[in-house]
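Below is one structure, written out as structure tokens; the observations come after it.
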Amino acid sequence: MHNSPTQAVVLAGGQGSRLRPYTDDRPKPMVEIPGTGTPIIGHQLSWLAAEGVTDAVISCGHLADVLQQWLDTTDLPLRVTTVVEDEPLGRGGGLKYAAAHLPHPDRPWYATNGDIWTRFSLREMAGFHAERDATATLALARPRIPWGAVETDTFGHITDFIEAPPSPYLINAGVYVFSASFQGLLPDRGDHERTTFPRLARERRLAGFPLPQGAYWRAIDTAKDLTEAARELAGAQGG
């Protein structure tokens, strides 16, 4: 039986320019999900804790003091360390810098982007990762396309309209399981998605865990995402 990771990195340094005016005075992960009174990062930390994580390293950037103040005044369900990059290191460099502050460098760890709001079994994903002996595993989501789709027959008659269909493509859902050795493969600067991930893929050491059917997943990128997340939440509570 493998042991699921108990440590995680949350990447919370984004500018969130597409979420203005919400992000004028706070970093993106500090934007509240309407109707919950809790910022995105609060939902994430409670999810991580529920999945067995005891230690989280939060990588801050834009308006880090607002995030730090919230962490200092909130009763958190796990131990949190914050790190701030003195200079921009890129996504891969930032991940490496944050991972250096994990309490157990010789053990696997989770990572999540700070603007993802999701619920699924991280333990199940860790099991999938261990079974494949992967160095890194990405959660894969099938987001809904924001437009209505049109189906036609071979002759060109429209046969159906489908409102916000699921994408035919899987995308990187922004949640990861990494083996202990992954940290050493990250660049000190730059983007690991252009270097480390393609290299691991060529070596068949990169796995993709499709989110289970019915798992909730949303990237909070725009004000529309916020209102839709709130509506989905209200529907789930009422349903």
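Residue names in the structure tokens use chain letters A, B, ... in the order shown, residue numbers from 1 in each chain, and ligand numbers from 1 in the order shown.
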Cut-off 8 Å: closest range 33-55 of chain A/range 92-115 of chain A atom pairs per residue, using only C-alpha atoms, as a tab-separated table:
```
residue	atom	partner	partner_atom	distance
A:Ile40	CA	A:Asp115	CA	6.7
A:Ile41	CA	A:Gly114	CA	6.4
A:Gln44	CA	A:Gly114	CA	7.9
A:Asp55	CA	A:Pro103	CA	7.5
```
I'd like the contact shell of Ala215 in chain A - 7 Å cut-off, only C-alpha atoms, skipping same-chain residues fewer than 3 positions apart - returned as a compact mmCIF listing (two decimals) with all heavy atoms, in the first residue's frame.
```txt
# COMPACT_ATOMS: atom_id res chain seq x y z
N ARG A 119 -12.96 19.50 -6.41
CA ARG A 119 -13.16 18.46 -5.39
C ARG A 119 -13.07 17.11 -6.07
O ARG A 119 -13.89 16.79 -6.92
CB ARG A 119 -14.54 18.59 -4.72
CG ARG A 119 -14.67 19.73 -3.72
CD ARG A 119 -13.96 19.41 -2.41
NE ARG A 119 -14.10 20.45 -1.42
CZ ARG A 119 -13.37 21.56 -1.37
NH1 ARG A 119 -12.47 21.80 -2.30
NH2 ARG A 119 -13.53 22.44 -0.42
N PHE A 120 -12.04 16.32 -5.74
CA PHE A 120 -11.97 14.93 -6.17
C PHE A 120 -10.97 14.25 -5.23
O PHE A 120 -10.37 14.90 -4.39
CB PHE A 120 -11.54 14.80 -7.65
CG PHE A 120 -10.15 15.29 -7.94
CD1 PHE A 120 -9.06 14.44 -7.89
CD2 PHE A 120 -9.93 16.62 -8.29
CE1 PHE A 120 -7.77 14.89 -8.15
CE2 PHE A 120 -8.64 17.08 -8.56
CZ PHE A 120 -7.56 16.20 -8.49
N LEU A 211 -9.90 13.33 -14.37
CA LEU A 211 -10.78 13.55 -13.22
C LEU A 211 -11.97 12.60 -13.32
O LEU A 211 -12.52 12.40 -14.39
CB LEU A 211 -11.29 14.99 -13.18
CG LEU A 211 -10.26 16.07 -12.86
CD1 LEU A 211 -10.94 17.39 -12.58
CD2 LEU A 211 -9.40 15.69 -11.67
N PRO A 212 -12.35 12.00 -12.18
CA PRO A 212 -13.47 11.06 -12.21
C PRO A 212 -14.75 11.73 -12.69
O PRO A 212 -14.93 12.95 -12.51
CB PRO A 212 -13.61 10.63 -10.74
CG PRO A 212 -12.33 11.02 -10.07
CD PRO A 212 -11.76 12.16 -10.85
```
Review point. Do you know which residues are at most 8 Å from Ala136 in chain A counting only C-alpha atoms, after dropping those on the same chain fewer than 6 positions away, and could you put them as number ranges by chain?
Key: A: 129, 176-179, 182, 200, 205-207
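With only C-alpha atoms as the atoms that count, the minimum distance from Glu228 in chain A to the choices A:Arg202, A:Arg20, A:Arg144, A:Arg132 is reached by A:Arg144.
Counting from CA of Arg79 in chain A, the distance to CA of Val57 in chain A is 8.5 Å.
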Practice item. Have a look at A:Pro5, A:Gly174, A:Pro187, A:Gly148 and name the one nearest to Ile220 in chain A; count only C-alpha atoms. Key: A:Gly174
Point to revise | Test item: residues at most 9 Å from Ile145 in chain A, only C-alpha atoms, excluding those fewer than 2 positions along its chain, as a PyMOL selection string | key: chain A and resi 143+147-149+163-167
Those selected residues, please, written with all heavy atoms and delivered as a PDB file, in the first residue's frame.
```pdb
ATOM      1  N   PRO A 143     -13.091  20.502 -19.677  1.00  0.00           N
ATOM      2  CA  PRO A 143     -13.932  21.666 -19.369  1.00  0.00           C
ATOM      3  C   PRO A 143     -15.094  21.780 -20.346  1.00  0.00           C
ATOM      4  O   PRO A 143     -15.043  21.233 -21.448  1.00  0.00           O
ATOM      5  CB  PRO A 143     -12.978  22.851 -19.547  1.00  0.00           C
ATOM      6  CG  PRO A 143     -11.984  22.369 -20.543  1.00  0.00           C
ATOM      7  CD  PRO A 143     -11.822  20.893 -20.310  1.00  0.00           C
ATOM      8  N   TRP A 147     -19.344  27.925 -25.586  1.00  0.00           N
ATOM      9  CA  TRP A 147     -20.338  28.217 -26.621  1.00  0.00           C
ATOM     10  C   TRP A 147     -21.275  27.028 -26.789  1.00  0.00           C
ATOM     11  O   TRP A 147     -20.920  25.908 -26.435  1.00  0.00           O
ATOM     12  CB  TRP A 147     -19.645  28.480 -27.969  1.00  0.00           C
ATOM     13  CG  TRP A 147     -18.626  29.561 -27.874  1.00  0.00           C
ATOM     14  CD1 TRP A 147     -18.849  30.907 -27.879  1.00  0.00           C
ATOM     15  CD2 TRP A 147     -17.215  29.390 -27.749  1.00  0.00           C
ATOM     16  NE1 TRP A 147     -17.658  31.587 -27.765  1.00  0.00           N
ATOM     17  CE2 TRP A 147     -16.641  30.682 -27.689  1.00  0.00           C
ATOM     18  CE3 TRP A 147     -16.371  28.291 -27.685  1.00  0.00           C
ATOM     19  CZ2 TRP A 147     -15.269  30.899 -27.554  1.00  0.00           C
ATOM     20  CZ3 TRP A 147     -15.010  28.491 -27.556  1.00  0.00           C
ATOM     21  CH2 TRP A 147     -14.469  29.782 -27.487  1.00  0.00           C
ATOM     22  N   GLY A 148     -22.422  27.294 -27.344  1.00  0.00           N
ATOM     23  CA  GLY A 148     -23.304  26.194 -27.711  1.00  0.00           C
ATOM     24  C   GLY A 148     -22.755  25.531 -28.964  1.00  0.00           C
ATOM     25  O   GLY A 148     -22.213  26.202 -29.836  1.00  0.00           O
ATOM     26  N   ALA A 149     -22.874  24.218 -29.049  1.00  0.00           N
ATOM     27  CA  ALA A 149     -22.388  23.498 -30.227  1.00  0.00           C
ATOM     28  C   ALA A 149     -23.557  23.156 -31.145  1.00  0.00           C
ATOM     29  O   ALA A 149     -24.700  23.050 -30.710  1.00  0.00           O
ATOM     30  CB  ALA A 149     -21.669  22.225 -29.797  1.00  0.00           C
ATOM     31  N   GLU A 163     -25.998  22.792 -25.596  1.00  0.00           N
ATOM     32  CA  GLU A 163     -25.577  23.920 -24.768  1.00  0.00           C
ATOM     33  C   GLU A 163     -24.315  23.561 -23.975  1.00  0.00           C
ATOM     34  O   GLU A 163     -24.300  22.572 -23.248  1.00  0.00           O
ATOM     35  CB  GLU A 163     -26.719  24.286 -23.800  1.00  0.00           C
ATOM     36  CG  GLU A 163     -26.523  25.597 -23.053  1.00  0.00           C
ATOM     37  CD  GLU A 163     -26.257  26.783 -23.975  1.00  0.00           C
ATOM     38  OE1 GLU A 163     -26.983  26.936 -24.976  1.00  0.00           O
ATOM     39  OE2 GLU A 163     -25.319  27.544 -23.680  1.00  0.00           O
ATOM     40  N   ALA A 164     -23.246  24.336 -24.119  1.00  0.00           N
ATOM     41  CA  ALA A 164     -21.993  24.158 -23.360  1.00  0.00           C
ATOM     42  C   ALA A 164     -21.563  22.700 -23.257  1.00  0.00           C
ATOM     43  O   ALA A 164     -21.526  22.124 -22.180  1.00  0.00           O
ATOM     44  CB  ALA A 164     -22.136  24.768 -21.957  1.00  0.00           C
ATOM     45  N   PRO A 165     -21.226  22.081 -24.395  1.00  0.00           N
ATOM     46  CA  PRO A 165     -20.818  20.675 -24.349  1.00  0.00           C
ATOM     47  C   PRO A 165     -19.427  20.510 -23.740  1.00  0.00           C
ATOM     48  O   PRO A 165     -18.642  21.456 -23.731  1.00  0.00           O
ATOM     49  CB  PRO A 165     -20.773  20.284 -25.836  1.00  0.00           C
ATOM     50  CG  PRO A 165     -20.424  21.556 -26.529  1.00  0.00           C
ATOM     51  CD  PRO A 165     -21.090  22.651 -25.743  1.00  0.00           C
ATOM     52  N   PRO A 166     -19.119  19.311 -23.209  1.00  0.00           N
ATOM     53  CA  PRO A 166     -17.756  19.085 -22.717  1.00  0.00           C
ATOM     54  C   PRO A 166     -16.766  19.102 -23.875  1.00  0.00           C
ATOM     55  O   PRO A 166     -17.095  18.673 -24.981  1.00  0.00           O
ATOM     56  CB  PRO A 166     -17.812  17.694 -22.071  1.00  0.00           C
ATOM     57  CG  PRO A 166     -19.156  17.138 -22.341  1.00  0.00           C
ATOM     58  CD  PRO A 166     -19.995  18.159 -23.049  1.00  0.00           C
ATOM     59  N   SER A 167     -15.569  19.608 -23.607  1.00  0.00           N
ATOM     60  CA  SER A 167     -14.525  19.651 -24.632  1.00  0.00           C
ATOM     61  C   SER A 167     -14.147  18.233 -25.060  1.00  0.00           C
ATOM     62  O   SER A 167     -14.092  17.335 -24.227  1.00  0.00           O
ATOM     63  CB  SER A 167     -13.293  20.346 -24.047  1.00  0.00           C
ATOM     64  OG  SER A 167     -12.152  20.007 -24.785  1.00  0.00           O
TER      65      SER A 167
END
```
Give me the residues of range 50-143 of chain A that have any atom at most 12 Å from an atom of range 24-39 of chain A; for each, the nearest atom pair and the distance in Å, rounded to one decimal. Use only C-alpha atoms, sort by chain and number, and format it as CSV.
```
residue,atom,partner,partner_atom,distance
A:Ile58,CA,A:Pro29,CA,10.6
A:Ser59,CA,A:Pro29,CA,11.0
A:Cys60,CA,A:Pro27,CA,8.6
A:Gly61,CA,A:Pro27,CA,8.0
A:His62,CA,A:Pro27,CA,5.7
A:Leu63,CA,A:Pro27,CA,5.6
A:Ala64,CA,A:Pro27,CA,7.1
A:Asp65,CA,A:Arg26,CA,8.9
A:Val66,CA,A:Arg26,CA,6.1
A:Leu67,CA,A:Met30,CA,6.5
A:Gln68,CA,A:Met30,CA,10.1
A:Gln69,CA,A:Met30,CA,10.7
A:Trp70,CA,A:Met30,CA,8.4
A:Leu71,CA,A:Met30,CA,10.2
A:Thr74,CA,A:Thr38,CA,10.5
A:Thr112,CA,A:Pro29,CA,11.4
A:Asn113,CA,A:Pro29,CA,9.0
A:Gly114,CA,A:Pro29,CA,5.3
A:Asp115,CA,A:Pro29,CA,5.4
A:Ile116,CA,A:Pro29,CA,8.5
A:Trp117,CA,A:Ile33,CA,9.4
```
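Across the model, the gap from CA of Ala229 in chain A to CA of Ala173 in chain A is 15.9 Å.
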Practice item. Give me every strand (DSSP E) residue in range 115-208 of chain A, going by DSSP on the backbone, as JSON, numbers by chain. Key: {"A": [116, 117, 118, 119, 136, 137, 138, 139, 140, 141, 149, 150, 151, 152, 158, 159, 160, 161, 162, 171, 172, 173, 174, 175, 176, 177, 178, 206, 207, 208]}
**Study point:** Residue nearest Arg218 in chain A - candidates A:Val10, A:Leu140, A:Leu185, A:Ala180, atoms counted: only C-alpha atoms
**Key:** A:Leu140
Point to revise | Contacts of Val150 in chain A at 7 Å (only C-alpha atoms; same-chain gap of 6+ positions) as a count of residues only | key: 4
**Study point:** Pick from A:Gln7, A:Thr135, A:Gln183, A:Thr152, whichever lies nearest to Glu203 in chain A using only C-alpha atoms
**Key:** A:Thr135
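Among A:Leu233, A:Ala8, A:Leu138, A:Leu186, the residue with the shortest atom-to-atom distance to Glu51 in chain A, counting only C-alpha atoms, is A:Ala8.
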